[in-house]
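Note sheet for the following structure.
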Amino acid sequence: LTGGAVTPTIGAVGLAALIAVFEILGGLHVVALTDVVQGVVLVAGAMLILISVDIHFEGLPAISKKLEVLDPSLVQVMDSAQGLSWAEFWIGVGVQRALFPDFPQRAMAASSQKSLRVGIAILALSP
């Protein structure tokens, strides 16, 4: 975007400094606002990827057919052992979520018992 005037390292450090100042001056309210903005960007990006796949590659079913022609093992259905392995992984991720440092900080900053319960439920469902 800068035509090489700003190196990726300088850009990353500058952005990190800007975010640090923003969150230090704004407190936990701004941290929550930043999380909301990041969530919106992630969801919008995922939707744009799906739209792009539909426009450029004729949708997910067409991609699956092309992959099956290329290599059938790329689109095979998991057997029960692989499915159990995936389930164990995601359950582990959900349980470990409570150990992340931001979790207790947000729990302590909850404005009420109800908002704390709602927040924990949301975090448990979306690791």
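So you can find residues: chains in the structure tokens are A, B, ... in the order shown, residues in each start at 1, and ligands are numbered from 1 in order.
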Practice problem: Determine, counting only C-alpha atoms, which protein, DNA and RNA residues have an atom within 8 Å of an atom of segment 24-40 of chain A; residues of the same chain fewer than 4 positions away are not included. Present the result as number ranges by chain. | Solution: A: 20, 44, 109
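For the pair atom CA of Gly119 of chain A and atom CA of Ala16 of chain A, the separation is 26.4 Å.
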Quiz item: Between atom CA of Ile122 of chain A and atom CA of Glu23 of chain A, what is the distance, to one decimal in Å?
Solution: 22.6 Å
